[in-house]
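Here's upload-v7.csv, which has CSV, C-alpha atoms:
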chain,number,residue,atom,x,y,z
B,164,MET,CA,0.9,131.8,28.1
B,165,MET,CA,0.1,132.0,24.4
B,166,ASN,CA,-2.1,135.0,23.5
B,167,LEU,CA,-4.3,133.6,20.8
B,168,ASN,CA,-6.9,135.8,19.1
B,169,PHE,CA,-9.8,133.8,17.7
B,170,SER,CA,-11.9,136.9,17.2
B,171,GLY,CA,-9.2,138.5,15.1
B,172,THR,CA,-8.8,135.4,12.9
B,173,VAL,CA,-12.6,135.1,12.3
B,174,ASN,CA,-13.0,138.8,11.5
B,175,VAL,CA,-10.2,138.9,9.0
B,176,PHE,CA,-12.5,137.0,6.6
B,177,LYS,CA,-14.8,140.0,6.6
B,178,LEU,CA,-12.0,141.9,4.8
B,179,LEU,CA,-12.4,139.7,1.8
B,180,VAL,CA,-15.9,141.2,1.3
B,181,LYS,CA,-15.2,144.7,2.7
B,182,PRO,CA,-11.5,145.7,2.9
B,183,SER,CA,-12.3,149.2,4.2
B,184,LEU,CA,-13.3,147.7,7.6
B,185,CYS,CA,-9.7,147.9,8.7
B,186,LEU,CA,-9.1,151.5,7.6
B,187,PRO,CA,-9.0,154.5,10.0
B,188,HIS,CA,-11.1,157.7,9.7
B,189,ALA,CA,-8.0,159.7,10.8
B,190,THR,CA,-4.3,159.0,11.2
B,191,VAL,CA,-1.5,160.5,13.4
B,192,SER,CA,2.1,159.4,13.7
B,193,THR,CA,2.3,159.2,17.5
B,194,PHE,CA,0.1,159.7,20.6
B,195,ASN,CA,1.5,163.2,21.1
B,196,GLU,CA,0.0,164.2,17.8
B,197,LEU,CA,-3.6,163.6,18.9
B,198,PRO,CA,-5.5,166.9,18.3
B,199,PHE,CA,-7.2,168.8,21.0
B,200,PRO,CA,-10.1,168.7,21.2
B,201,LEU,CA,-10.0,165.2,19.8
B,202,GLY,CA,-13.0,165.7,17.5
B,203,ARG,CA,-10.8,167.9,15.3
B,204,ALA,CA,-9.2,164.7,14.0
B,205,PHE,CA,-12.4,163.9,12.1
B,206,GLU,CA,-13.2,167.4,10.7
B,207,GLY,CA,-13.5,167.8,7.0
B,208,ARG,CA,-15.5,164.7,6.4
B,209,GLY,CA,-18.7,166.6,5.8
B,210,LYS,CA,-20.7,165.7,8.9
B,211,GLU,CA,-20.9,166.7,12.5
B,212,VAL,CA,-18.9,164.6,14.9
B,213,ASP,CA,-20.0,164.2,18.6
B,214,ILE,CA,-17.2,162.3,20.5
B,215,ARG,CA,-18.3,161.6,24.0
B,216,ALA,CA,-16.0,158.8,25.0
B,217,VAL,CA,-12.7,157.2,23.9
B,218,VAL,CA,-11.7,153.5,23.7
B,219,LEU,CA,-7.9,153.5,24.0
B,220,ASP,CA,-5.4,150.7,23.2
B,221,LYS,CA,-2.3,150.4,25.3
B,222,ASP,CA,0.7,148.6,23.7
B,223,ASP,CA,2.6,150.8,21.2
B,224,CYS,CA,-0.2,153.4,21.5
B,225,PHE,CA,0.5,155.3,24.8
B,226,ALA,CA,2.8,152.8,26.4
B,227,TYR,CA,5.8,150.8,25.3
B,228,PRO,CA,4.7,147.2,24.6
B,229,HIS,CA,4.4,145.0,27.7
B,230,THR,CA,4.7,147.9,30.1
B,231,ASN,CA,2.0,149.7,32.1
B,232,GLU,CA,3.4,153.2,32.4
B,233,VAL,CA,2.5,156.0,30.1
B,234,TYR,CA,5.5,156.5,27.8
B,235,PRO,CA,7.4,159.5,29.3
B,236,ALA,CA,7.2,161.7,26.2
B,237,TYR,CA,3.4,161.2,26.2
B,238,VAL,CA,2.6,162.0,29.8
B,239,GLU,CA,1.3,165.5,29.3
B,240,ARG,CA,-0.8,164.5,26.3
B,241,PHE,CA,-2.2,161.6,28.3
B,242,LYS,CA,-3.2,164.1,31.1
B,243,LEU,CA,-4.9,166.3,28.5
B,244,LEU,CA,-6.9,163.3,27.1
B,245,ARG,CA,-8.0,162.4,30.7
B,246,LYS,CA,-9.1,166.0,31.2
B,247,GLU,CA,-11.1,166.0,28.0
B,248,PHE,CA,-12.6,162.6,28.7
B,249,PRO,CA,-12.8,162.3,32.5
B,250,GLY,CA,-13.9,159.3,34.5
B,251,ARG,CA,-15.8,156.6,32.7
B,252,ARG,CA,-15.5,158.5,29.4
B,253,LEU,CA,-12.0,157.1,28.9
B,254,LEU,CA,-11.7,153.3,28.7
B,255,VAL,CA,-8.6,151.2,28.0
B,256,VAL,CA,-9.4,148.1,25.9
B,257,SER,CA,-6.4,145.8,25.5
B,258,ASN,CA,-5.9,142.3,24.1
B,259,THR,CA,-3.7,141.6,27.1
B,260,ALA,CA,-4.7,143.5,30.2
B,261,GLY,CA,-8.4,142.8,30.9
B,262,ALA,CA,-8.8,140.1,28.2
B,263,THR,CA,-10.1,137.3,30.4
B,264,THR,CA,-8.8,134.5,28.2
B,265,TYR,CA,-5.3,135.8,28.9
B,266,ASP,CA,-5.5,137.9,32.0
B,267,ARG,CA,-7.5,135.3,33.8
B,268,ASP,CA,-7.4,136.7,37.3
B,269,GLY,CA,-7.5,140.3,36.2
B,270,HIS,CA,-4.1,141.3,37.8
B,271,LEU,CA,-2.8,142.8,34.6
B,272,ALA,CA,-5.9,145.1,34.4
B,273,ARG,CA,-5.6,146.1,38.0
B,274,GLU,CA,-1.9,147.0,37.6
B,275,LEU,CA,-2.7,149.0,34.5
B,276,GLU,CA,-5.5,150.9,36.2
B,277,ALA,CA,-3.2,151.6,39.1
B,278,ALA,CA,-0.5,152.9,36.8
B,279,THR,CA,-2.7,155.1,34.6
B,280,GLY,CA,-5.8,156.0,36.7
B,281,VAL,CA,-8.0,154.8,33.8
B,282,SER,CA,-10.6,152.1,33.8
B,283,VAL,CA,-9.6,148.9,31.9
B,284,LEU,CA,-12.4,146.8,30.4
B,285,ALA,CA,-12.6,143.2,31.4
B,286,HIS,CA,-13.7,141.5,28.2
B,287,ARG,CA,-14.3,137.9,27.1
B,288,VAL,CA,-13.9,138.4,23.3
B,289,LYS,CA,-10.7,140.1,22.1
B,290,LYS,CA,-10.6,143.0,19.7
B,291,PRO,CA,-12.0,143.4,17.1
B,292,GLY,CA,-15.0,141.4,18.3
B,293,CYS,CA,-15.7,143.0,21.7
B,294,GLY,CA,-17.9,145.9,20.6
B,295,ASP,CA,-21.0,144.5,22.4
B,296,GLU,CA,-19.0,144.4,25.7
B,297,ILE,CA,-17.8,148.0,25.2
B,298,MET,CA,-21.3,149.2,24.6
B,299,ALA,CA,-22.5,147.2,27.7
B,300,HIS,CA,-19.8,149.0,29.7
B,301,PHE,CA,-21.0,152.5,28.7
B,302,LYS,CA,-24.7,151.5,29.2
B,303,SER,CA,-23.8,150.5,32.7
B,304,HIS,CA,-22.2,153.9,33.2
B,305,PRO,CA,-24.7,156.4,31.9
B,306,GLU,CA,-22.6,159.3,33.3
B,307,ALA,CA,-20.3,158.8,30.3
B,308,GLY,CA,-23.2,160.1,28.1
B,309,VAL,CA,-22.7,157.5,25.4
B,310,THR,CA,-26.0,156.3,23.8
B,311,HIS,CA,-24.7,155.3,20.4
B,312,PRO,CA,-21.5,153.8,19.0
B,313,SER,CA,-21.0,156.9,16.8
B,314,GLN,CA,-20.2,158.9,19.9
B,315,ILE,CA,-17.1,156.8,20.6
B,316,ALA,CA,-13.6,157.2,19.1
B,317,VAL,CA,-11.3,154.2,19.1
B,318,ILE,CA,-7.6,155.0,19.3
B,319,GLY,CA,-5.0,152.4,18.6
B,320,ASP,CA,-1.9,151.2,16.6
B,321,ARG,CA,-3.4,148.2,14.8
B,322,LEU,CA,-5.6,148.2,11.8
B,323,MET,CA,-6.7,144.6,12.1
B,324,THR,CA,-7.9,144.9,15.7
B,325,ASP,CA,-8.4,148.6,16.8
B,326,MET,CA,-9.5,150.1,13.5
B,327,MET,CA,-11.6,147.1,12.6
B,328,LEU,CA,-13.2,147.3,16.0
B,329,ALA,CA,-14.2,150.9,15.3
B,330,ASN,CA,-15.7,150.1,12.0
B,331,VAL,CA,-17.5,147.0,13.0
B,332,MET,CA,-19.0,148.9,16.0
B,333,GLY,CA,-20.0,151.9,14.0
B,334,SER,CA,-17.5,154.2,15.8
B,335,TRP,CA,-14.7,156.5,14.7
B,336,GLY,CA,-11.2,155.1,14.3
B,337,LEU,CA,-8.0,157.0,14.9
B,338,TRP,CA,-4.8,155.1,13.9
B,339,ILE,CA,-1.6,155.7,15.8
B,340,LYS,CA,0.6,154.8,12.8
B,341,ASP,CA,4.1,154.8,14.1
B,342,GLY,CA,3.6,154.5,17.9
B,343,VAL,CA,6.4,154.0,20.4
B,344,LYS,CA,8.4,151.1,19.0
B,345,PRO,CA,10.6,151.6,15.9
B,346,LEU,CA,9.3,149.9,12.8
B,347,ASN,CA,12.2,147.5,12.5
B,348,GLU,CA,11.4,146.2,16.1
B,349,LYS,CA,7.6,145.9,15.6
B,350,SER,CA,5.8,142.5,15.2
B,351,VAL,CA,5.2,141.0,11.8
B,352,PHE,CA,1.5,142.0,12.2
B,353,SER,CA,2.3,145.6,12.8
B,354,LYS,CA,4.7,145.7,9.8
B,355,PHE,CA,1.9,144.2,7.7
B,356,ASP,CA,-0.5,147.0,8.8
B,357,HIS,CA,2.1,149.6,7.6
B,358,ARG,CA,2.0,148.1,4.1
B,359,PHE,CA,-1.6,147.0,3.9
B,360,GLY,CA,-3.3,150.3,5.0
B,361,PRO,CA,-1.5,152.5,2.4
B,362,PHE,CA,-2.0,149.7,-0.2
B,363,LEU,CA,-5.8,149.8,0.2
B,364,MET,CA,-6.0,153.6,0.4
B,365,ALA,CA,-3.9,154.0,-2.8
B,366,ARG,CA,-6.6,151.9,-4.5
B,367,GLY,CA,-9.4,154.2,-3.4
B,368,TYR,CA,-10.7,152.3,-0.3
B,369,ARG,CA,-11.9,154.6,2.6
B,370,ALA,CA,-13.5,153.9,5.9
B,371,PHE,CA,-17.2,154.6,5.9
B,372,ASP,CA,-18.4,157.3,8.3
B,373,PRO,CA,-20.4,156.0,11.3
B,374,GLN,CA,-24.1,156.6,11.2
B,375,SER,CA,-25.3,159.0,13.8
B,376,PRO,CA,-28.4,158.1,15.9
B,377,PHE,CA,-30.4,160.5,13.8
B,378,GLU,CA,-29.6,159.0,10.4

Would you kindly transcribe this structure into structure tokens?
Amino acid sequence: MMNLNFSGTVNVFKLLVKPSLCLPHATVSTFNELPFPLGRAFEGRGKEVDIRAVVLDKDDCFAYPHTNEVYPAYVERFKLLRKEFPGRRLLVVSNTAGATTYDRDGHLARELEAATGVSVLAHRVKKPGCGDEIMAHFKSHPEAGVTHPSQIAVIGDRLMTDMMLANVMGSWGLWIKDGVKPLNEKSVFSKFDHRFGPFLMARGYRAFDPQSPFE
């Protein structure tokens, strides 16, 4: 089945007006380089950061593309992330597993949940347009403690989906720049991210900090 992303196509036009929407607030090379505690990734930006939950991408982030298992080298860091954000505070949001236009019967999401022990969001709109569905999830699970998008960090390997989701939502974005798969084997879209992000930052573009509930 073709995995089309209408949301991604529509949201790309927003970049014509505001290119910084696809830029991260912090960058690491691989999943293993995520700081602990995670909020340290956003230090030095001149404002207090209160990360209560994490939205996590799967492919080329913590798993090799099209597999469900945590990449062996990342198992211990994955356990640490689950410990810092237990239960409903950690949520996988993928444009394959859980995306109801692709994973129609939900079997991919169930397999991923079984492999990782982490909840997978069932969402109708693909990233970067599923912010409302993410917030609805956390609203339905008040034990996560999320009352505002600025309390969420989005971790992923794609600028045009994961980081744009973070910025459009008003959350923090952490880019896994190199991921699992070697650059020469990545998709044309990922290769474009590797050129486009540095191109924008070299010209002075920066992601805007999320507004807290008190601003």

Do you know which residues are at most 7 Å from range 181-183 of chain B counting all atoms listed in the file, after dropping those on the same chain fewer than 6 positions away, and could you put them as a PyMOL selection string? chain B and resi 368-370

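Between CA of Leu254 in chain B and CA of Asp268 in chain B lies a distance of 19.2 Å.
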
Separation of CA of Leu253 in chain B from CA of Val218 in chain B, in Å and rounded to one decimal: 6.3 Å

Considering all atoms listed in the file, can you say which of B:Leu243, B:Val256, B:Ala236, B:Val309 comes closest to Lys221 in chain B? B:Val256

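Among the candidates B:Leu337, B:Val233, B:Met327, B:Ile214, the residue lying nearest to Cys293 in chain B is B:Met327 (atoms considered: all atoms listed in the file).
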
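For the atom pair formed by CA of Glu306 in chain B and CA of Phe241 in chain B, the distance is 21.1 Å, given to one decimal.
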
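Once Ser353 in chain B and its same-chain neighbours fewer than 5 positions away are set aside, Asp222, Asp223, Cys224, Gly319, Asp320, Arg321, Leu322, Met323, Thr324, Asp325, Trp338, Ile339, Lys340, Asp341, Gly342, Lys344, Pro345, Leu346, Asn347, Glu348, Arg358, Phe359 and Gly360 of chain B remain within 12 Å of it when counting only C-alpha atoms.
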
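Among the candidates B:Arg203, B:Arg215, B:His229, B:Lys354, the one nearest to Glu274 in chain B when counting only C-alpha atoms is B:His229.
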
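Checking B:Val343, B:Asp372, B:Val175, B:Leu197 one by one against Ile318 in chain B, counting only C-alpha atoms, you find the shortest gap at B:Leu197.
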
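For Glu239 in chain B, the set of protein, DNA and RNA residues having any atom at most 12 Å away, when counting all atoms listed in the file and skipping those fewer than 4 positions along the same chain, is B:Phe194, B:Asn195, B:Glu196, B:Leu197, B:Phe225, B:Val233, B:Tyr234, B:Pro235, B:Leu243, B:Leu244, B:Arg245, B:Lys246.
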
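Across B:Phe355, B:Asn330, B:Ser350, B:Val212, the tightest approach to Pro291 in chain B is made by B:Asn330 when counting all atoms listed in the file.
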
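Compared by their closest atoms to Met364 in chain B, and using only C-alpha atoms, the residues B:Gly250, B:Pro305, B:Pro187, B:Gly292 rank with B:Pro187 nearest.
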
Applying 7 Å and all atoms listed in the file, which residues near Leu271 in chain B remain after dropping the ones on its own chain fewer than 3 positions away? List them as number ranges by chain. B: 260-261, 266, 274-275

Write out as an MDAnalysis selection string each polymer residue whose atoms come within 10 Å of Ala272 in chain B, counting only C-alpha atoms; drop sequence neighbours fewer than 2 positions from it. chainID B and resid 231 255:257 259:263 266:270 274:278 281:285
